[in-house]
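**Q** So here's entry-v3.txt (compact mmCIF, C-alpha atoms).
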# COMPACT_ATOMS: atom_id res chain seq x y z
CA MET A 5 58.44 -11.15 126.09
CA ARG A 6 60.36 -12.39 129.09
CA LYS A 7 58.33 -12.88 132.27
CA SER A 8 60.61 -10.38 134.04
CA LEU A 9 59.14 -7.67 131.78
CA MET A 10 56.00 -7.80 133.96
CA GLN A 11 57.78 -5.56 136.48
CA ILE A 12 57.70 -2.58 134.13
CA LEU A 13 54.37 -3.12 132.34
CA CYS A 14 51.09 -1.50 133.35
CA CYS A 15 47.58 -1.06 132.05
CA PRO A 16 47.76 1.64 129.34
CA VAL A 17 44.48 3.14 130.57
CA CYS A 18 44.50 3.11 134.41
CA LYS A 19 48.27 2.41 134.91
CA GLY A 20 47.37 -0.41 137.30
CA ASP A 21 49.05 -3.81 137.59
CA LEU A 22 48.48 -6.56 135.04
CA VAL A 23 48.13 -10.31 135.60
CA LEU A 24 49.95 -12.62 133.18
CA SER A 25 48.31 -15.73 131.69
CA VAL A 26 50.54 -17.90 129.54
CA THR A 27 49.22 -20.20 126.80
CA GLU A 28 52.56 -20.84 125.05
CA GLU A 29 56.07 -20.33 126.37
CA SER A 30 59.65 -21.21 125.67
CA GLY A 31 61.75 -21.08 128.83
CA GLU A 32 61.38 -17.58 130.31
CA GLU A 33 59.95 -16.26 127.04
CA VAL A 34 56.16 -15.90 126.78
CA LEU A 35 55.07 -16.39 123.18
CA GLU A 36 51.28 -16.42 123.46
CA GLY A 37 49.04 -15.34 126.31
CA SER A 38 47.33 -12.36 127.79
CA LEU A 39 47.72 -9.55 130.30
CA ARG A 40 44.61 -8.80 132.35
CA CYS A 41 43.77 -5.54 134.04
CA ALA A 42 41.33 -6.52 136.77
CA ALA A 43 40.33 -2.92 137.44
CA CYS A 44 39.39 -2.22 133.80
CA ARG A 45 38.24 -5.82 133.17
CA VAL A 46 40.26 -5.87 129.95
CA ASP A 47 42.58 -8.54 128.48
CA TYR A 48 45.55 -7.38 126.44
CA PRO A 49 46.89 -10.08 124.10
CA ILE A 50 50.47 -11.34 123.84
CA SER A 51 51.04 -12.60 120.31
CA GLU A 52 54.25 -13.95 118.78
CA GLY A 53 56.12 -12.77 121.87
CA ILE A 54 54.90 -9.17 121.70
CA PRO A 55 52.45 -7.74 124.24
CA ASN A 56 49.81 -5.47 122.69
CA LEU A 57 49.09 -2.72 125.20
CA LEU A 58 46.89 -0.57 123.00
CA PRO A 59 43.54 0.33 124.54
CA GLN A 60 41.27 -2.45 123.33
CA THR A 61 38.53 -0.08 122.27
CA ALA A 62 40.89 1.51 119.73
CA CYS A 63 40.48 0.92 116.01
CA GLU A 64 42.58 -2.10 115.17
CA ASP A 65 44.56 -2.76 112.03
CA MET B 30 43.82 2.01 107.65
CA SER B 31 45.47 0.46 104.63
CA ASP B 32 47.55 -2.59 105.42
CA ARG B 33 49.98 -3.51 102.73
CA GLY B 34 52.03 -5.18 105.44
CA GLY B 35 55.73 -5.83 105.69
CA SER B 36 58.76 -3.64 105.52
CA ASP B 37 57.23 -0.83 103.45
CA GLN B 38 55.09 -0.04 106.49
CA VAL B 39 58.10 0.58 108.75
CA TYR B 40 60.17 3.78 108.81
CA PRO B 41 63.59 2.83 107.41
CA PRO B 42 66.72 4.14 109.21
CA ALA B 43 67.70 7.57 107.88
CA GLU B 44 69.97 10.50 108.82
CA ASP B 45 67.87 11.21 111.91
CA SER B 46 68.20 7.61 113.11
CA ALA B 47 71.98 7.71 112.70
CA LEU B 48 72.24 11.00 114.59
CA LEU B 49 70.13 9.71 117.50
CA LEU B 50 72.23 6.54 117.66
CA ARG B 51 75.45 8.59 117.74
CA ALA B 52 74.12 10.63 120.67
CA ALA B 53 72.84 7.50 122.42
CA LEU B 54 76.22 5.77 122.21
CA ARG B 55 77.81 8.77 123.94
CA GLU B 56 75.08 8.94 126.59
CA VAL B 57 74.37 5.35 127.57
CA ARG B 58 75.90 3.86 130.74
CA PRO B 59 76.28 0.14 131.49
CA THR B 60 73.81 0.32 134.39
CA ASP B 61 71.08 2.12 132.41
CA ARG B 62 67.60 0.74 131.95
CA VAL B 63 66.76 2.20 128.55
CA LEU B 64 63.47 2.77 126.73
CA GLU B 65 63.29 3.64 123.05
CA VAL B 66 59.87 5.02 122.11
CA GLY B 67 58.75 4.69 118.48
CA THR B 68 61.58 2.35 117.61
CA GLY B 69 60.50 1.67 114.01
CA SER B 70 62.83 -0.93 112.54
CA GLY B 71 64.74 -1.12 115.84
CA TYR B 72 67.92 0.28 114.29
CA VAL B 73 68.76 2.70 117.13
CA ALA B 74 67.91 0.38 120.04
CA ALA B 75 69.80 -2.53 118.49
CA GLY B 76 72.79 -0.24 117.92
CA PHE B 77 73.41 0.36 121.64
CA SER B 78 71.61 -2.57 123.30
CA GLY B 79 74.83 -4.34 124.26
CA ARG B 80 75.97 -1.28 126.24
CA ALA B 81 73.00 -1.00 128.62
CA SER B 82 71.67 -3.08 131.49
CA ALA B 83 68.26 -3.52 129.81
CA VAL B 84 66.56 -2.15 126.69
CA VAL B 85 62.85 -2.03 125.85
CA ALA B 86 61.55 -0.74 122.53
CA THR B 87 57.97 0.37 121.82
CA ASP B 88 56.00 1.28 118.72
CA ILE B 89 52.32 1.71 117.91
CA ASN B 90 52.89 0.09 114.51
CA PRO B 91 52.53 -3.72 114.56
CA HIS B 92 54.96 -4.13 111.63
CA ALA B 93 57.56 -2.03 113.47
CA VAL B 94 57.48 -4.04 116.73
CA ALA B 95 57.68 -7.26 114.72
CA SER B 96 60.66 -5.89 112.79
CA ALA B 97 62.42 -4.72 115.96
CA ARG B 98 61.86 -8.11 117.60
CA THR B 99 63.67 -9.83 114.74
CA ARG B 100 66.73 -7.80 115.82
CA GLY B 101 66.53 -9.53 119.20
CA LEU B 102 64.95 -6.55 120.98
CA THR B 103 62.34 -6.72 123.72
CA THR B 104 59.36 -4.96 122.15
CA VAL B 105 55.99 -3.76 123.39
CA ARG B 106 53.23 -2.51 121.13
CA THR B 107 51.83 0.61 122.78
CA ASP B 108 51.23 4.33 122.23
CA LEU B 109 54.47 6.06 123.34
CA PHE B 110 54.93 4.54 126.85
CA ALA B 111 51.25 4.17 127.77
CA GLY B 112 51.60 0.52 128.80
CA LEU B 113 54.88 0.95 130.70
CA SER B 114 55.45 1.97 134.30
CA GLY B 115 59.25 2.09 134.27
CA PRO B 116 61.35 3.47 135.78
CA PHE B 117 63.92 4.04 133.02
CA ASP B 118 67.25 5.81 133.36
CA LEU B 119 67.37 6.84 129.71
CA VAL B 120 64.47 7.42 127.30
CA LEU B 121 65.10 7.96 123.58
CA PHE B 122 62.63 9.16 120.98
CA ASN B 123 62.91 9.98 117.28
CA PRO B 124 59.36 11.29 117.01
CA PRO B 125 57.09 12.17 114.11
CA TYR B 126 58.23 15.79 113.72
CA LEU B 127 57.21 17.00 110.27
CA PRO B 128 54.54 19.70 110.17
CA THR B 129 51.70 18.06 108.24
CA ALA B 130 48.51 19.70 107.01
CA PRO B 131 45.36 17.55 107.09
CA GLY B 132 45.28 17.42 103.28
CA GLU B 133 48.82 16.00 103.16
CA ARG B 134 48.08 13.02 105.36
CA ILE B 135 48.52 9.52 104.04
CA ASP B 136 46.43 6.77 105.56
CA ASP B 137 48.93 4.13 106.58
CA TRP B 138 51.36 3.18 109.32
CA LEU B 139 54.21 5.27 107.93
CA GLU B 140 52.07 8.32 108.65
CA TYR B 141 52.51 7.63 112.36
CA ALA B 142 56.28 7.80 111.90
CA LEU B 143 56.24 11.15 110.08
CA ASP B 144 53.10 13.18 110.81
CA GLY B 145 53.69 15.69 113.58
CA GLY B 146 50.34 17.43 113.04
CA PRO B 147 49.98 21.05 111.85
CA THR B 148 52.82 22.30 114.10
CA GLY B 149 55.02 19.20 113.88
CA ARG B 150 54.84 18.99 117.67
CA VAL B 151 51.59 17.15 118.41
CA THR B 152 53.24 13.86 119.42
CA ILE B 153 56.20 15.62 121.06
CA GLU B 154 53.80 17.57 123.29
CA ARG B 155 52.21 14.32 124.53
CA PHE B 156 55.66 12.77 125.04
CA VAL B 157 57.07 15.67 127.07
CA ALA B 158 53.93 16.00 129.19
CA ASP B 159 54.08 12.38 130.38
CA VAL B 160 57.72 11.21 130.14
CA GLY B 161 58.37 12.11 133.79
CA ARG B 162 56.02 9.27 134.79
CA VAL B 163 58.41 6.60 133.45
CA LEU B 164 61.72 8.36 134.17
CA SER B 165 63.90 7.64 137.22
CA PRO B 166 64.71 10.70 139.39
CA PHE B 167 68.04 11.35 137.66
CA GLY B 168 66.90 9.94 134.32
CA ARG B 169 67.81 11.53 130.99
CA VAL B 170 65.83 12.01 127.80
CA LEU B 171 67.28 12.21 124.28
CA LEU B 172 64.79 13.65 121.76
CA LEU B 173 65.49 14.16 118.08
CA VAL B 174 63.94 17.30 116.56
CA SER B 175 64.30 19.22 113.32
CA SER B 176 64.53 22.94 112.70
CA LEU B 177 61.22 22.40 110.87
CA THR B 178 59.69 21.33 114.22
CA GLY B 179 60.58 24.58 116.00
CA LEU B 180 63.55 24.04 118.28
CA ASP B 181 62.72 26.91 120.67
CA GLU B 182 59.13 25.76 121.01
CA VAL B 183 60.24 22.22 121.91
CA ARG B 184 62.73 23.54 124.46
CA GLU B 185 59.95 25.61 125.99
CA LEU B 186 57.76 22.50 126.27
CA PHE B 187 60.51 20.81 128.31
CA VAL B 188 61.05 23.84 130.53
CA ARG B 189 57.34 24.14 131.31
CA ALA B 190 57.29 20.41 132.20
CA GLY B 191 60.13 20.96 134.72
CA PHE B 192 63.08 19.80 132.61
CA VAL B 193 66.36 21.40 131.60
CA PRO B 194 66.97 20.79 127.88
CA PHE B 195 70.09 21.44 125.89
CA ILE B 196 71.48 20.50 122.49
CA VAL B 197 74.05 17.69 122.54
CA ASP B 198 74.39 17.02 118.80
CA GLU B 199 73.29 18.43 115.46
CA GLU B 200 73.61 17.83 111.78
CA ALA B 201 72.71 20.06 108.83
CA LEU B 202 70.79 18.47 105.99
CA GLU B 203 69.39 20.03 102.85
CA GLY B 204 66.69 22.46 103.98
CA GLU B 205 66.73 21.58 107.69
CA VAL B 206 68.98 21.04 110.68
CA LEU B 207 68.53 18.00 112.92
CA TYR B 208 69.17 18.33 116.65
CA VAL B 209 69.39 15.95 119.58
CA LEU B 210 68.00 17.53 122.74
CA ARG B 211 69.06 16.09 126.08
CA ALA B 212 66.73 16.80 128.99
CA MET B 213 66.86 16.11 132.71
CA ARG B 214 64.60 17.13 135.55
CA ASP B 215 65.38 20.61 136.84
CA LEU B 216 66.57 19.49 140.27
CA CYS B 217 66.74 23.09 141.51
CA ARG B 218 63.03 23.46 140.89
CA MET B 219 61.93 20.12 142.32
CA GLY B 220 59.70 20.62 145.32
CA ALA B 221 59.55 24.34 144.64
Is it possible to give me this structure as structure tokens?

**A**
Amino acid sequence: MRKSLMQILCCPVCKGDLVLSVTEESGEEVLEGSLRCAACRVDYPISEGIPNLLPQTACED
Amino acid sequence: MSDRGGSDQVYPPAEDSALLLRAALREVRPTDRVLEVGTGSGYVAAGFSGRASAVVATDINPHAVASARTRGLTTVRTDLFAGLSGPFDLVLFNPPYLPTAPGERIDDWLEYALDGGPTGRVTIERFVADVGRVLSPFGRVLLLVSSLTGLDEVRELFVRAGFVPFIVDEEALEGEVLYVLRAMRDLCRMGA
């Protein structure tokens, strides 16, 4: 995901703002990292360039 | 959840995808910020992405978002638009619309692409109830539905949510008719 995507993302549960942490990037493209919702105290992973904004309590594949 | 992985877990483009793309190409404007919900393979979003200002594609299925990303699309894995705030000028959705009895359900990711619950409208109801949250004031929605889904019932869902829906395209298949519904906020009723 490009960093500019942050403008239109929100926490899927409370709809609040997310804070981006990058662990691997290529230019403006974030490949690995996380999106934190401070209000819910939940980290949503970014993996292979795709943010996963499923509620983290949900049954995972 | 079974996980055979790969392309057999992603809804392949079919007649409904082609019809939604045809309607999208007529609808999209160069300044539009577009969201495609439930993008599957990414076929529709990739088909018009060069004609819009920005395109984002979502799917709940991890194989689908990975597939759509290989087409160069910006993808987000989320349920409908749960993790998006928008606003978007155009929202497209080819939803799961087949009426499906509990005994007919198959336990894999393709089920998400097809299973519309007993009425065929379970996911559509959730979509219509919340799409206004991510839509700009003059934003438009294109929703693909089948005669099997209950066209009048879907139109009624939009009307009750404060939208004006009308049919902009249709195609008869064997045993069903596919429609593209276009919906906008009912500006006469806003603030009423």

**Q** Counting all atoms listed in the file, which residues come within 10 Å of (46.1, -3.9, 128.1), with the point read in the file's coordinates, and could you list them as JSON, numbers by chain?

**A** {"A": [13, 14, 15, 16, 17, 18, 19, 20, 21, 22, 38, 39, 40, 41, 44, 45, 46, 47, 48, 49, 50, 55, 56, 57, 58, 59, 60], "B": [107, 111, 112]}

**Q** Counting only C-alpha atoms, which residues of chain B come no farther than 12 Å from chain A, as a PyMOL selection string?

**A** chain B and resi 30-34+62-64+83-99+101-117+136-138+162-164

**Q** Pick out the closest residue to Leu54 of chain B from this set: B:Asp159, B:Glu154, B:Glu140, B:Asp198. Count all atoms listed in the file.

**A** B:Asp198

**Q** Can you pull out the residues contacting Ala53 of chain B? Cut-off 10 Å, using all atoms listed in the file, and skip same-chain residues under 3 positions away; I want them as a PDB file with C-alpha atoms, in the coordinates of the input.

**A**
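Final output, result21.pdb:
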ATOM      1  CA  ALA B  47      71.980   7.710 112.700  1.00  0.00           C
ATOM      2  CA  LEU B  48      72.240  11.000 114.590  1.00  0.00           C
ATOM      3  CA  LEU B  49      70.130   9.710 117.500  1.00  0.00           C
ATOM      4  CA  LEU B  50      72.230   6.540 117.660  1.00  0.00           C
ATOM      5  CA  GLU B  56      75.080   8.940 126.590  1.00  0.00           C
ATOM      6  CA  VAL B  57      74.370   5.350 127.570  1.00  0.00           C
ATOM      7  CA  ARG B  58      75.900   3.860 130.740  1.00  0.00           C
ATOM      8  CA  VAL B  73      68.760   2.700 117.130  1.00  0.00           C
ATOM      9  CA  ALA B  74      67.910   0.380 120.040  1.00  0.00           C
ATOM     10  CA  GLY B  76      72.790  -0.240 117.920  1.00  0.00           C
ATOM     11  CA  PHE B  77      73.410   0.360 121.640  1.00  0.00           C
ATOM     12  CA  LEU B 119      67.370   6.840 129.710  1.00  0.00           C
ATOM     13  CA  VAL B 120      64.470   7.420 127.300  1.00  0.00           C
ATOM     14  CA  LEU B 121      65.100   7.960 123.580  1.00  0.00           C
ATOM     15  CA  VAL B 170      65.830  12.010 127.800  1.00  0.00           C
ATOM     16  CA  LEU B 171      67.280  12.210 124.280  1.00  0.00           C
ATOM     17  CA  VAL B 209      69.390  15.950 119.580  1.00  0.00           C
TER      18      VAL B 209
END

**Q** Mind pulling up the distance from atom CA of Asp118 of chain B to atom CA of Val206 of chain B?

**A**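 Atom CA of Val206 of chain B sits 27.4 Å away from atom CA of Asp118 of chain B.
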
**Q** In Å, with one decimal, what is the gap from atom CA of Arg184 of chain B to atom CA of Gly69 of chain B?

**A**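 Between atom CA of Arg184 of chain B and atom CA of Gly69 of chain B the gap is 24.3 Å.
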
**Q** One number please: atom CA of Val188 of chain B to atom CA of Pro128 of chain B, in Å, one decimal.

**A** 21.8 Å

**Q** Point out the residue among B:Arg100, B:Thr152, B:Pro59, B:Ser70 with the least atom-to-atom distance to Ser82 of chain B, counting all atoms listed in the file.

**A**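 Of all the options, B:Pro59 lies closest to Ser82 of chain B.
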
**Q** Can you sort out segment 160-183 of chain B so it carries N, CA and C atoms, written as a CSV table (one decimal), keeping the file's coordinate frame?

**A**
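Result file follows (out_3.csv):
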chain,number,residue,atom,x,y,z
B,160,VAL,N,56.5,12.0,130.0
B,160,VAL,CA,57.7,11.2,130.1
B,160,VAL,C,58.2,11.1,131.6
B,161,GLY,N,57.9,12.1,132.4
B,161,GLY,CA,58.4,12.1,133.8
B,161,GLY,C,57.8,10.9,134.6
B,162,ARG,N,56.7,10.4,134.1
B,162,ARG,CA,56.0,9.3,134.8
B,162,ARG,C,56.9,8.0,134.7
B,163,VAL,N,57.6,7.8,133.6
B,163,VAL,CA,58.4,6.6,133.4
B,163,VAL,C,59.9,6.8,133.7
B,164,LEU,N,60.3,8.0,134.1
B,164,LEU,CA,61.7,8.4,134.2
B,164,LEU,C,62.2,8.3,135.6
B,165,SER,N,63.3,7.7,135.9
B,165,SER,CA,63.9,7.6,137.2
B,165,SER,C,64.3,9.1,137.6
B,166,PRO,N,64.5,9.3,138.9
B,166,PRO,CA,64.7,10.7,139.4
B,166,PRO,C,65.8,11.4,138.7
B,167,PHE,N,66.9,10.7,138.4
B,167,PHE,CA,68.0,11.4,137.7
B,167,PHE,C,68.1,10.9,136.2
B,168,GLY,N,67.0,10.4,135.7
B,168,GLY,CA,66.9,9.9,134.3
B,168,GLY,C,67.1,11.0,133.3
B,169,ARG,N,67.6,10.6,132.1
B,169,ARG,CA,67.8,11.5,131.0
B,169,ARG,C,66.9,11.2,129.8
B,170,VAL,N,66.6,12.2,129.0
B,170,VAL,CA,65.8,12.0,127.8
B,170,VAL,C,66.7,12.5,126.6
B,171,LEU,N,66.7,11.7,125.5
B,171,LEU,CA,67.3,12.2,124.3
B,171,LEU,C,66.2,12.2,123.2
B,172,LEU,N,65.9,13.5,122.7
B,172,LEU,CA,64.8,13.6,121.8
B,172,LEU,C,65.4,14.2,120.5
B,173,LEU,N,65.1,13.6,119.4
B,173,LEU,CA,65.5,14.2,118.1
B,173,LEU,C,64.4,15.1,117.6
B,174,VAL,N,64.9,16.3,117.2
B,174,VAL,CA,63.9,17.3,116.6
B,174,VAL,C,64.6,17.9,115.4
B,175,SER,N,63.8,18.5,114.5
B,175,SER,CA,64.3,19.2,113.3
B,175,SER,C,64.0,20.7,113.5
B,176,SER,N,64.8,21.5,112.7
B,176,SER,CA,64.5,22.9,112.7
B,176,SER,C,63.1,23.2,112.2
B,177,LEU,N,62.6,22.3,111.4
B,177,LEU,CA,61.2,22.4,110.9
B,177,LEU,C,60.2,22.2,112.0
B,178,THR,N,60.6,21.6,113.1
B,178,THR,CA,59.7,21.3,114.2
B,178,THR,C,59.6,22.5,115.1
B,179,GLY,N,60.5,23.4,115.1
B,179,GLY,CA,60.6,24.6,116.0
B,179,GLY,C,61.4,24.2,117.2
B,180,LEU,N,62.7,24.4,117.2
B,180,LEU,CA,63.6,24.0,118.3
B,180,LEU,C,63.2,24.8,119.6
B,181,ASP,N,63.0,26.1,119.5
B,181,ASP,CA,62.7,26.9,120.7
B,181,ASP,C,61.4,26.5,121.3
B,182,GLU,N,60.4,26.2,120.5
B,182,GLU,CA,59.1,25.8,121.0
B,182,GLU,C,59.2,24.4,121.8
B,183,VAL,N,60.1,23.5,121.2
B,183,VAL,CA,60.2,22.2,121.9
B,183,VAL,C,61.0,22.4,123.2
